[in-house]
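Everything below concerns the one structure shown next.
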Amino acid sequence: MIIGDFNINSVNAKQLTFDIQSMDITNNSSWGENISPFFVKNLKGFKKITLTLLFKGISRKEILNNISKVINKMDVEKFTLKADGYSHLFICSLEKTEIIKTISKIRYTLQIELKAYEISEIKQIEEKNITNKVIDYAGTIETPLTMIITPLTAGNLIIDGVSDSVIKINNVIANTDITINSISETVSQGITNKYNDTDMWEFPRLNLGTNTITFSMAVNVIFKYEERFI
């Protein structure tokens, strides 16, 4: 198991159990006194992860110190977790820990509760001189889409197929990168903030299945995204 860039093997620990629940889903649909019920979209929350780590050492002092090192790596706003036996990554925050003694004086277990969401490794697609692109998205929940776009001519660029309405970027410059970063929610042209020249209601995303993306002028583009899972 790897926490960020920290491998727990370095402190003589190993993963014993790893249990994942699906995303917490809530719904505020209601009937009340209406003739027909009122339905609203589900609200999705975090996955719950519970795991157990086994620690070995030559003394209780050494083991407890190593447990402290592992908890310290998790005691941050968020961290990336790569669990043994899983190809996906988990973006986590720490909820609870409990240290448990075993019969042996040189073995302890650490039980951990996390809230998290599940992602694939970042995927990157590069295309040259295109006006449309089809991306087949294999995740089970929509995901942010970051685009680095190089217009081949100047003018106003309109992008369709990445949100519920079109995105318009005014006064683009030929052969100058425009980055729409849906994670940091920024738009830049080179090193200049381009957000005020951008007309959009929401940042780009990929929906489940086939996504057809169109550009109003020829562009070179790099698409970056991670698959997310309920």
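If you're wondering about the labels, chains in the structure tokens are A, B, ... by order shown, residues count from 1 in each chain, ligands from 1 in order shown.
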Residues at most 7 Å from segment 54-63 of chain A, counting only C-alpha atoms, excluding those fewer than 6 positions away in the same chain, as a ChimeraX atom specification?
/A:12-16,105-110
Taking all heavy atoms for each residue, export the selection above as a short mmCIF file (atom, residue, chain, number, x, y, z; two decimals), in the first residue's frame.
data_model
loop_
_atom_site.label_atom_id
_atom_site.label_comp_id
_atom_site.auth_asym_id
_atom_site.auth_seq_id
_atom_site.Cartn_x
_atom_site.Cartn_y
_atom_site.Cartn_z
N ASN A 12 7.72 -1.49 7.94
CA ASN A 12 7.43 -2.88 8.31
C ASN A 12 5.93 -3.09 8.58
O ASN A 12 5.54 -3.74 9.55
CB ASN A 12 8.24 -3.29 9.54
CG ASN A 12 8.50 -4.79 9.58
OD1 ASN A 12 8.29 -5.49 8.59
ND2 ASN A 12 8.96 -5.28 10.72
N ALA A 13 5.10 -2.52 7.70
CA ALA A 13 3.65 -2.68 7.81
C ALA A 13 3.12 -3.29 6.51
O ALA A 13 3.75 -3.21 5.46
CB ALA A 13 2.99 -1.33 8.04
N LYS A 14 1.97 -3.93 6.61
CA LYS A 14 1.34 -4.47 5.41
C LYS A 14 -0.18 -4.37 5.54
O LYS A 14 -0.74 -4.29 6.65
CB LYS A 14 1.76 -5.91 5.15
CG LYS A 14 1.20 -6.94 6.12
CD LYS A 14 1.59 -8.36 5.68
CE LYS A 14 0.98 -9.42 6.58
NZ LYS A 14 1.34 -10.79 6.14
N GLN A 15 -0.84 -4.37 4.40
CA GLN A 15 -2.29 -4.29 4.33
C GLN A 15 -2.90 -5.65 4.64
O GLN A 15 -2.58 -6.64 4.00
CB GLN A 15 -2.69 -3.82 2.93
CG GLN A 15 -4.17 -3.82 2.62
CD GLN A 15 -4.40 -3.46 1.16
OE1 GLN A 15 -3.82 -2.53 0.62
NE2 GLN A 15 -5.26 -4.23 0.51
N LEU A 16 -3.77 -5.69 5.65
CA LEU A 16 -4.48 -6.93 5.97
C LEU A 16 -5.85 -6.99 5.32
O LEU A 16 -6.21 -7.98 4.69
CB LEU A 16 -4.63 -7.08 7.49
CG LEU A 16 -3.43 -7.53 8.30
CD1 LEU A 16 -3.84 -7.74 9.76
CD2 LEU A 16 -2.81 -8.80 7.74
N LYS A 105 3.75 -9.17 21.58
CA LYS A 105 4.23 -7.84 21.96
C LYS A 105 4.87 -7.09 20.80
O LYS A 105 5.10 -5.88 20.90
CB LYS A 105 5.24 -7.96 23.11
CG LYS A 105 4.65 -8.47 24.41
CD LYS A 105 5.73 -8.54 25.49
CE LYS A 105 5.14 -9.03 26.81
NZ LYS A 105 6.17 -9.11 27.89
N ILE A 106 5.18 -7.80 19.74
CA ILE A 106 5.87 -7.15 18.62
C ILE A 106 4.97 -7.07 17.39
O ILE A 106 5.44 -6.91 16.26
CB ILE A 106 7.18 -7.89 18.28
CG1 ILE A 106 6.92 -9.36 17.95
CG2 ILE A 106 8.18 -7.75 19.41
CD1 ILE A 106 8.16 -10.10 17.44
N ARG A 107 3.66 -7.15 17.61
CA ARG A 107 2.70 -6.97 16.51
C ARG A 107 1.52 -6.13 16.99
O ARG A 107 0.96 -6.39 18.06
CB ARG A 107 2.20 -8.33 16.01
CG ARG A 107 3.26 -9.17 15.34
CD ARG A 107 2.66 -10.36 14.64
NE ARG A 107 3.68 -11.19 13.99
CZ ARG A 107 3.41 -12.16 13.14
NH1 ARG A 107 2.16 -12.45 12.82
NH2 ARG A 107 4.40 -12.85 12.58
N TYR A 108 1.17 -5.15 16.20
CA TYR A 108 -0.01 -4.32 16.45
C TYR A 108 -0.80 -4.22 15.14
O TYR A 108 -0.24 -4.37 14.05
CB TYR A 108 0.38 -2.91 16.87
CG TYR A 108 0.74 -2.72 18.32
CD1 TYR A 108 1.87 -3.31 18.87
CD2 TYR A 108 -0.05 -1.93 19.15
CE1 TYR A 108 2.21 -3.12 20.20
CE2 TYR A 108 0.28 -1.72 20.48
CZ TYR A 108 1.42 -2.32 21.00
OH TYR A 108 1.74 -2.12 22.32
N THR A 109 -2.09 -3.94 15.25
CA THR A 109 -2.87 -3.60 14.06
C THR A 109 -3.40 -2.18 14.20
O THR A 109 -3.62 -1.68 15.32
CB THR A 109 -4.05 -4.56 13.82
OG1 THR A 109 -4.94 -4.52 14.94
CG2 THR A 109 -3.55 -5.98 13.61
N LEU A 110 -3.57 -1.54 13.07
CA LEU A 110 -4.15 -0.20 13.01
C LEU A 110 -5.39 -0.26 12.12
O LEU A 110 -5.31 -0.61 10.96
CB LEU A 110 -3.13 0.79 12.42
CG LEU A 110 -3.64 2.23 12.23
CD1 LEU A 110 -3.95 2.88 13.58
CD2 LEU A 110 -2.62 3.05 11.45
#
Give me the residues within 9 Å of Pro144 of chain A as a compact mmCIF listing (two decimals) with C-alpha atoms, in the first residue's frame, counting only C-alpha atoms and dropping any in the same chain fewer than 5 places off.
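Generated output (result10.txt):
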# COMPACT_ATOMS: atom_id res chain seq x y z
CA ASN A 181 -8.57 23.37 -16.36
CA SER A 182 -11.71 21.82 -14.90
CA ILE A 183 -9.95 20.75 -11.70
CA PHE A 203 -16.49 23.76 -16.75
CA PRO A 204 -16.08 20.87 -19.22
CA ARG A 205 -16.89 17.32 -18.21
CA LEU A 206 -17.27 13.87 -19.70
CA LYS A 224 -6.85 15.10 -19.84
CA TYR A 225 -9.21 13.31 -17.50
CA GLU A 226 -9.49 10.56 -14.93
Given the choices A:Thr17, A:Ile178, A:Gly155, A:Val221, which gets closest to Asn129 of chain A if the distance is worked out from only C-alpha atoms?
A:Val221
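Reported to one decimal place, the separation of atom CA of Phe38 of chain A from atom CA of Thr140 of chain A is 25.4 Å.
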Leaving out Met74 of chain A and any residue of its chain fewer than 3 positions from it, which residues lie within 12 Å of it when counting only C-alpha atoms, given as an mmCIF file with N, CA and C atoms, in the first residue's frame?
data_model
loop_
_atom_site.group_PDB
_atom_site.id
_atom_site.type_symbol
_atom_site.label_atom_id
_atom_site.label_comp_id
_atom_site.auth_asym_id
_atom_site.auth_seq_id
_atom_site.Cartn_x
_atom_site.Cartn_y
_atom_site.Cartn_z
ATOM 1 N N ILE A 2 0.462 2.241 -0.808
ATOM 2 C CA ILE A 2 1.225 3.471 -0.917
ATOM 3 C C ILE A 2 0.321 4.647 -0.574
ATOM 4 N N ILE A 3 0.766 5.482 0.360
ATOM 5 C CA ILE A 3 0.043 6.679 0.787
ATOM 6 C C ILE A 3 0.805 7.876 0.226
ATOM 7 N N GLY A 4 0.238 8.533 -0.780
ATOM 8 C CA GLY A 4 1.006 9.569 -1.475
ATOM 9 C C GLY A 4 2.188 8.919 -2.166
ATOM 10 N N ASP A 5 3.402 9.256 -1.731
ATOM 11 C CA ASP A 5 4.604 8.587 -2.247
ATOM 12 C C ASP A 5 5.270 7.737 -1.161
ATOM 13 N N PHE A 6 4.520 7.440 -0.094
ATOM 14 C CA PHE A 6 5.065 6.717 1.064
ATOM 15 C C PHE A 6 4.582 5.272 1.038
ATOM 16 N N ILE A 8 4.130 1.787 2.792
ATOM 17 C CA ILE A 8 4.077 1.347 4.192
ATOM 18 C C ILE A 8 5.042 0.201 4.471
ATOM 19 N N ILE A 67 3.575 3.419 13.506
ATOM 20 C CA ILE A 67 2.145 3.714 13.353
ATOM 21 C C ILE A 67 1.925 5.217 13.273
ATOM 22 N N SER A 68 2.648 5.948 14.130
ATOM 23 C CA SER A 68 2.540 7.404 14.129
ATOM 24 C C SER A 68 2.952 7.981 12.779
ATOM 25 N N LYS A 69 3.972 7.404 12.151
ATOM 26 C CA LYS A 69 4.430 7.891 10.844
ATOM 27 C C LYS A 69 3.347 7.700 9.781
ATOM 28 N N VAL A 70 2.661 6.565 9.829
ATOM 29 C CA VAL A 70 1.607 6.294 8.848
ATOM 30 C C VAL A 70 0.429 7.250 9.055
ATOM 31 N N ILE A 71 0.017 7.425 10.287
ATOM 32 C CA ILE A 71 -1.098 8.346 10.564
ATOM 33 C C ILE A 71 -0.732 9.757 10.128
ATOM 34 N N GLU A 77 -5.141 17.374 4.371
ATOM 35 C CA GLU A 77 -6.450 17.693 3.793
ATOM 36 C C GLU A 77 -6.961 16.565 2.911
ATOM 37 N N LYS A 78 -6.092 16.045 2.046
ATOM 38 C CA LYS A 78 -6.436 14.895 1.212
ATOM 39 C C LYS A 78 -5.143 14.213 0.790
ATOM 40 N N PHE A 79 -5.232 12.927 0.472
ATOM 41 C CA PHE A 79 -4.068 12.181 0.015
ATOM 42 C C PHE A 79 -4.508 11.107 -0.962
ATOM 43 N N THR A 80 -3.559 10.658 -1.792
ATOM 44 C CA THR A 80 -3.827 9.598 -2.753
ATOM 45 C C THR A 80 -3.407 8.262 -2.160
ATOM 46 N N LEU A 81 -4.287 7.286 -2.265
ATOM 47 C CA LEU A 81 -4.022 5.957 -1.713
ATOM 48 C C LEU A 81 -4.026 4.929 -2.830
ATOM 49 N N ILE A 91 -8.756 8.968 -3.708
ATOM 50 C CA ILE A 91 -8.445 10.274 -3.136
ATOM 51 C C ILE A 91 -9.178 10.337 -1.800
ATOM 52 N N CYS A 92 -8.427 10.431 -0.697
ATOM 53 C CA CYS A 92 -8.972 10.157 0.630
ATOM 54 C C CYS A 92 -8.786 11.313 1.603
ATOM 55 N N SER A 93 -9.619 11.303 2.622
ATOM 56 C CA SER A 93 -9.367 12.074 3.837
ATOM 57 C C SER A 93 -9.625 11.154 5.026
ATOM 58 N N LEU A 94 -8.880 11.398 6.090
ATOM 59 C CA LEU A 94 -8.901 10.506 7.255
ATOM 60 C C LEU A 94 -10.088 10.826 8.156
ATOM 61 N N GLU A 95 -10.788 9.775 8.577
ATOM 62 C CA GLU A 95 -11.928 9.927 9.472
ATOM 63 C C GLU A 95 -11.621 9.459 10.892
ATOM 64 N N LYS A 96 -10.965 8.281 11.011
ATOM 65 C CA LYS A 96 -10.791 7.684 12.341
ATOM 66 C C LYS A 96 -9.683 6.648 12.299
ATOM 67 N N THR A 97 -8.939 6.525 13.405
ATOM 68 C CA THR A 97 -7.955 5.449 13.554
ATOM 69 C C THR A 97 -8.103 4.801 14.927
ATOM 70 N N ILE A 112 -8.411 1.755 10.297
ATOM 71 C CA ILE A 112 -8.524 3.092 9.734
ATOM 72 C C ILE A 112 -9.858 3.223 9.002
ATOM 73 N N GLU A 113 -10.513 4.371 9.178
ATOM 74 C CA GLU A 113 -11.706 4.705 8.408
ATOM 75 C C GLU A 113 -11.423 5.948 7.570
ATOM 76 N N LEU A 114 -11.784 5.876 6.293
ATOM 77 C CA LEU A 114 -11.536 6.970 5.351
ATOM 78 C C LEU A 114 -12.817 7.300 4.604
ATOM 79 N N LYS A 115 -12.913 8.527 4.134
ATOM 80 C CA LYS A 115 -13.894 8.832 3.095
ATOM 81 C C LYS A 115 -13.105 9.181 1.845
#
